[in-house]
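Colleague: First, the structure itself, so that you have it in front of you.
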Amino acid sequence: MALRYLVVFIIWTVGFGVSAQISPDFPEPSNPASTHWLSTENTVVTHRADLQRVIEFSNELPPGTVLVVDQPAIYPWQLQSLDSMDDNFISVVTDENVVVRTVKREVIPGLPSVSRFVVIIELVSGATLKSRLQVNYKNLRMPSIAYDNFQLPIFIASTEGLKKIDGGVLKIAPKRAAKVSITAPSLLNVGERFDVRLLVTDAYGNPVEHVTPALEIMIDGIFNRRVAPNDTSWVLLEDFVFDKPGLHRIAVRSAGGGVTGLSDVLYVKKDVANRIAWTDFHLHDQHSDGGFTSPALEARFGATHDAFSIIGRESSVPRSNEVRRSIEQGGDLITLEDNIQMAIAHTPTDVRRLQASPFFAVEIAAGHSQYEWFGKNIANMGHRTIFFGTQSSHYSASVSGNAKTALLIPTGKDWRDSLEAGNTYVVSEGKPILISSVNNALPGSRVAFSPSREISGEVYASYAIDKIELFKNGVVIDSKSFVSSSNTGRIQVKLTSPNDAMPWDIPRNGREWIGYLKLSGGTVNGIVADGYNKSNFRRIAVNPGDSRRVDFITWTHGGSSSFLLDVESDDEEIFIDAYIKEGFEDMSQIPKYRAPSVTRAVRLSVNVDALISDAVFRAYDSNGYNDQIEISLVSAEAPRMAKFRFIDTSNTRAGDYYYIRVQGLQDQMIWSSPVYIGGFDVTD
């Protein structure tokens with residue numbers, strides 16, 4: 001009985017944050033139980049599935065033993081046992097006497113910090129060798145990523161820690177073929193022959209598993225060749241060439257048009273000075289909290305990236321390792337080939353504890369999260385700082401995005417040389433081309449002191465460019481905007497939430513935005529929201545009962561979420577009423593000095609005519625952070641290429657650093673690594 005009361009005490013003290021003491025009488029077998037799935041139907045990306053798994057015991061367990069039904073770090077939602085009509089409901093079928101509860105995660109010592117709550121099963125009468133439990137997962141939401149090693153762990157709690165029950169791996173299937181990812185060199189010489197890699201995916205970017213259809217290849221709108229059906233998701237095509245300089249694109253479509261793809265911009269010129277390698281050096285397989293086996297991860301990224309590294313995998317080039325530590329212990333850290341140290345913002349790295357090095361790499365984009373502030377913090381300490389980005393994230397609400405690192409490779413060098421030199425820029429999505437220099441030096445360089453600094457370059461993207469900003473020592477000192485505020489009838493709504501970490505703490509959590517916009521005096525003719533309907537946590541639509549109202553839900557973590565509305569006047573002034581309901585910040589991780597907070601409700605009314613002169617910008621306090629709403633008129637014909645040139649001669653000092661930030665019209669971001677003028681690198 002004492003053990004049973006112990007568990008009840010745990011539940012009663014949840015609200016007070018008291019940690020549990022686990023039964024001291026629990027035996028310590030090597031494999032106390034096993035589990036297997038009875039059914040895995042409908043385990044397809046974005047579906048909801050009803051799954052059952054059986055737990056069988058190989059040892060008798062005493063009354064009061066606690067089982068923990070957990071979820072992986074890559075799962076963005078919450079398992080629960082409170083509402084059978086809600087998603088991810090956990091229940092148990094058994095002849096034994098059990099109690100199923102949802103409790104705060106910190107109640108069970110030793111659990112990884114992957115969600116705010118966890119489901120536990122109390123074996124009130126214990127378990128025998130004949131005991132059998134069936135754990136039901138009702139309306140279990142499938143991720144949008146087709147993991148081939150998706151684990152839903154179950155633990156048995158003991159005084160020696162947590163014993164993981166073997167089994168529980170799911171394979172999540174992709175949907176049907178819908179898109180083609182096209183990979184080709186971003187920069188090419190006129191007349192240079194090159195290869196093209198195709199990856200056939202579903203609508204969410206997952207490689208398909210069945211025979212791919214016959215495809216037609218178009219170069220700048222002109223038919224080039226046909227590709228026969230293939231029994232793998234990727235195809236290598238050889239012997240392409242561009243005979244004329246300029247910007248080019250490759251399109252792919254199936255015969256019926258149901259599967260399509262369009263490459264990023266390819267820039268062809270005479271005497272290319274630098275090449276671009278697309279990389280990601282922070283990938284996780286099943287051995288480092290990821291949901292893929294290594295072969296699946298290699299197949300996925302081998303078709304889209306020029307170089308990548310799987311954490312802890314000896315065969316990866318470059319070899320990468322990761323240390324996960326608390327802030328008090330120095331924070332998280334990645335090392336590449338044992339000589340490049342990469343600081344990570346999820347648990348901010350304390351660079352004072354790192355070995356002296358010519359530069360520190362800093363991850364400023366991870367998944368759908370952005371941490372530019374972290375890169376600036378380290379650069380402002382006087383360290384030469386190199387920016388990196390990754391599609392992976394330790395943050396469960398932002399587990400996978402499209403960020404990556406571009407390596408700029410001078411003629412006669414390879415990507416390893418550029419990695420060692422730190423010649424990088426980071427993108428949030430796509431493969432845009434950024435060619436920039438400071439006093440003729442590539443991003444990531446340090447050059448001799450000069451009182452005059454020329455920052456110049458060009459950018460080519462497959463999306464509309466909003467603005468180009470010049471940063472000096474972490475502050476914007478100049479910019480160039482490409483989006484007119486004339487009365488075009490196209491309205492941009494941008495929602496932003498900062499996530500800077502307070503001193504000696506982890507970053508702020510992401511936040512939700514749920515609301516709607518309603519027009520008076522006008523109608524909505526269209527919505528442009530490229531980043532919305534491709535995501536699990538972003539949706540937007542015209543309200544079916546009111547054509548003047550647009551409903552949306554979105555999420556931000558250090559960056560912005562934008563959408564565009566095409567509106568038409570009814571021969572009178574147009575007003576926009578914006579409503580944001582009271583919401584919440586995530587509870588994926590709990591900062592020490594500022595707990596996740598409720599976000600305030602907002603109402604904002606805007607006269608569209610007033611936007612012709614200037615955008616409407618409002619900042620709202622969210623328990624110490626200024627969340628922002630911006631409504632503006634933008635051009636329907638924003639450019640996709642731009643050149644820039646800035647000169648700085650004001651208050652110049654040795655050690656100043658400069659970098660370029662390019663913003664796309666729908667939240668796409670490009671950051672060049674800083675260039676340092678004068679000063680010196682820290683070495684041993």
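Chains: A, B, ... in order of the structure tokens. Residues: from 1 per chain. Ligands: from 1, in order shown.
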If you count only C-alpha atoms, which residues fall within 8 Å of region 332-339 of chain A, apart from same-chain ones fewer than 6 positions away, as a PyMOL selection string?
Modeller: chain A and resi 281+318-326+345-349
Colleague: Let's have the selection written as a PDB file, in the first residue's frame, with C-alpha atoms.
Modeller:
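Writing the result to part_35.pdb gives the following:
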ATOM      1  CA  PHE A 281      26.640  19.788 -40.461  1.00  0.00           C
ATOM      2  CA  PRO A 318      33.380  16.251 -41.846  1.00  0.00           C
ATOM      3  CA  ARG A 319      33.087  14.189 -38.678  1.00  0.00           C
ATOM      4  CA  SER A 320      30.882  15.926 -36.116  1.00  0.00           C
ATOM      5  CA  ASN A 321      30.195  15.388 -32.443  1.00  0.00           C
ATOM      6  CA  GLU A 322      27.806  17.076 -30.069  1.00  0.00           C
ATOM      7  CA  VAL A 323      27.915  17.754 -26.342  1.00  0.00           C
ATOM      8  CA  ARG A 324      24.592  18.424 -24.574  1.00  0.00           C
ATOM      9  CA  ARG A 325      25.098  20.263 -21.290  1.00  0.00           C
ATOM     10  CA  SER A 326      23.236  22.580 -18.951  1.00  0.00           C
ATOM     11  CA  ALA A 345      21.596  28.755 -28.945  1.00  0.00           C
ATOM     12  CA  HIS A 346      19.144  26.087 -27.745  1.00  0.00           C
ATOM     13  CA  THR A 347      21.142  25.869 -24.516  1.00  0.00           C
ATOM     14  CA  PRO A 348      23.484  28.791 -25.190  1.00  0.00           C
ATOM     15  CA  THR A 349      27.152  27.861 -25.359  1.00  0.00           C
TER      16      THR A 349
END
Colleague: Measuring between only C-alpha atoms, which one of A:Arg508, A:Arg300, A:His284, A:Lys244 shows the shortest distance to Pro596 (chain A)?
Modeller: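 So, comparing all the options, the nearest one is A:Arg508.
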Colleague: Considering only helix (DSSP H, G or I) as DSSP defines it on the backbone, what residues of region 370-510 of chain A qualify? List them as a list in words.
Modeller: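 The residues of region 370-510 of chain A classed as helix (DSSP H, G or I) are Glu372, Trp373, Phe374, Gly375, Lys376, Asn377, Ile378, Ala379, Ser396, Ala397, Ser398, Trp415, Arg416, Asp417, Ser418, Leu419, Glu420 and Ala421 of chain A.
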Colleague: Can you list, as a short mmCIF file (atom, residue, chain, number, x, y, z; two decimals) with C-alpha atoms, in the first residue's frame, every residue of region 583-675 of chain A that DSSP puts in strand (DSSP E or B)?
Modeller:
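Dumped everything to part04.cif:
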data_model
loop_
_atom_site.label_atom_id
_atom_site.label_comp_id
_atom_site.auth_asym_id
_atom_site.auth_seq_id
_atom_site.Cartn_x
_atom_site.Cartn_y
_atom_site.Cartn_z
CA GLY A 583 -2.69 32.73 -26.70
CA PHE A 584 0.22 30.87 -25.23
CA GLU A 585 3.93 30.33 -25.56
CA VAL A 598 0.18 33.96 -21.86
CA THR A 599 0.24 36.26 -24.90
CA VAL A 602 -4.83 42.40 -29.64
CA ARG A 603 -7.24 44.42 -31.75
CA LEU A 604 -5.96 46.79 -34.41
CA SER A 605 -7.86 48.90 -36.96
CA VAL A 606 -6.08 50.28 -40.03
CA ASN A 607 -7.17 52.58 -42.87
CA VAL A 616 1.53 50.55 -39.45
CA PHE A 617 3.79 49.01 -36.82
CA ARG A 618 2.71 48.02 -33.33
CA ALA A 619 4.74 46.41 -30.56
CA TYR A 620 2.98 44.68 -27.68
CA ASP A 621 4.58 43.68 -24.41
CA SER A 622 4.60 39.94 -23.79
CA TYR A 625 9.39 40.83 -24.88
CA ASN A 626 8.05 43.11 -27.61
CA ASP A 627 6.01 41.04 -30.03
CA GLN A 628 5.29 42.93 -33.22
CA ILE A 629 2.54 43.32 -35.82
CA GLU A 630 3.28 45.17 -39.04
CA ILE A 631 0.75 45.92 -41.80
CA SER A 632 1.96 47.52 -45.02
CA LEU A 633 1.30 47.93 -48.74
CA MET A 641 17.58 39.94 -58.07
CA ALA A 642 19.37 43.00 -56.76
CA LYS A 643 22.79 44.61 -56.53
CA PHE A 644 23.99 46.69 -53.62
CA ARG A 645 26.89 48.91 -52.62
CA PHE A 646 27.42 50.61 -49.28
CA ILE A 647 30.31 52.83 -48.12
CA ASP A 648 31.12 53.36 -44.44
CA ASP A 656 34.67 46.49 -36.65
CA TYR A 657 32.64 43.75 -38.31
CA TYR A 658 30.06 43.94 -41.10
CA TYR A 659 27.50 41.52 -42.47
CA ILE A 660 24.61 41.59 -44.92
CA ARG A 661 21.07 40.45 -44.19
CA VAL A 662 18.60 39.94 -47.03
CA GLN A 663 14.90 39.65 -46.28
CA GLY A 664 12.45 38.05 -48.70
CA MET A 669 16.26 35.20 -44.83
CA ILE A 670 19.89 35.28 -45.97
CA TRP A 671 22.77 36.21 -43.66
CA SER A 672 26.38 36.59 -44.75
CA VAL A 675 33.88 40.34 -42.25
#
Colleague: Report as a tab-separated table: every residue of region 115-164 of chain A with an atom at most 9 Å from region 78-87 of chain A, its closest pair of atoms, and their distance in Å to one decimal, counting only C-alpha atoms, with rows sorted by chain and ascending residue number.
Modeller:
residue	atom	partner	partner_atom	distance
A:Ser115	CA	A:Gln78	CA	6.8
A:Arg116	CA	A:Gln78	CA	8.0
A:Phe117	CA	A:Gln78	CA	7.3
A:Val118	CA	A:Leu79	CA	6.8
A:Val119	CA	A:Gln80	CA	6.1
A:Ile120	CA	A:Ser81	CA	8.9
A:Tyr137	CA	A:Leu79	CA	8.7
A:Lys138	CA	A:Asp87	CA	7.0
A:Asn139	CA	A:Asp87	CA	5.0
A:Leu140	CA	A:Asp87	CA	6.0
A:Arg141	CA	A:Asp87	CA	6.8
Colleague: What is the CA of Lys472 (chain A) to CA of Pro674 (chain A) distance in Å?
Modeller: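 CA of Lys472 (chain A) sits 9.0 Å away from CA of Pro674 (chain A).
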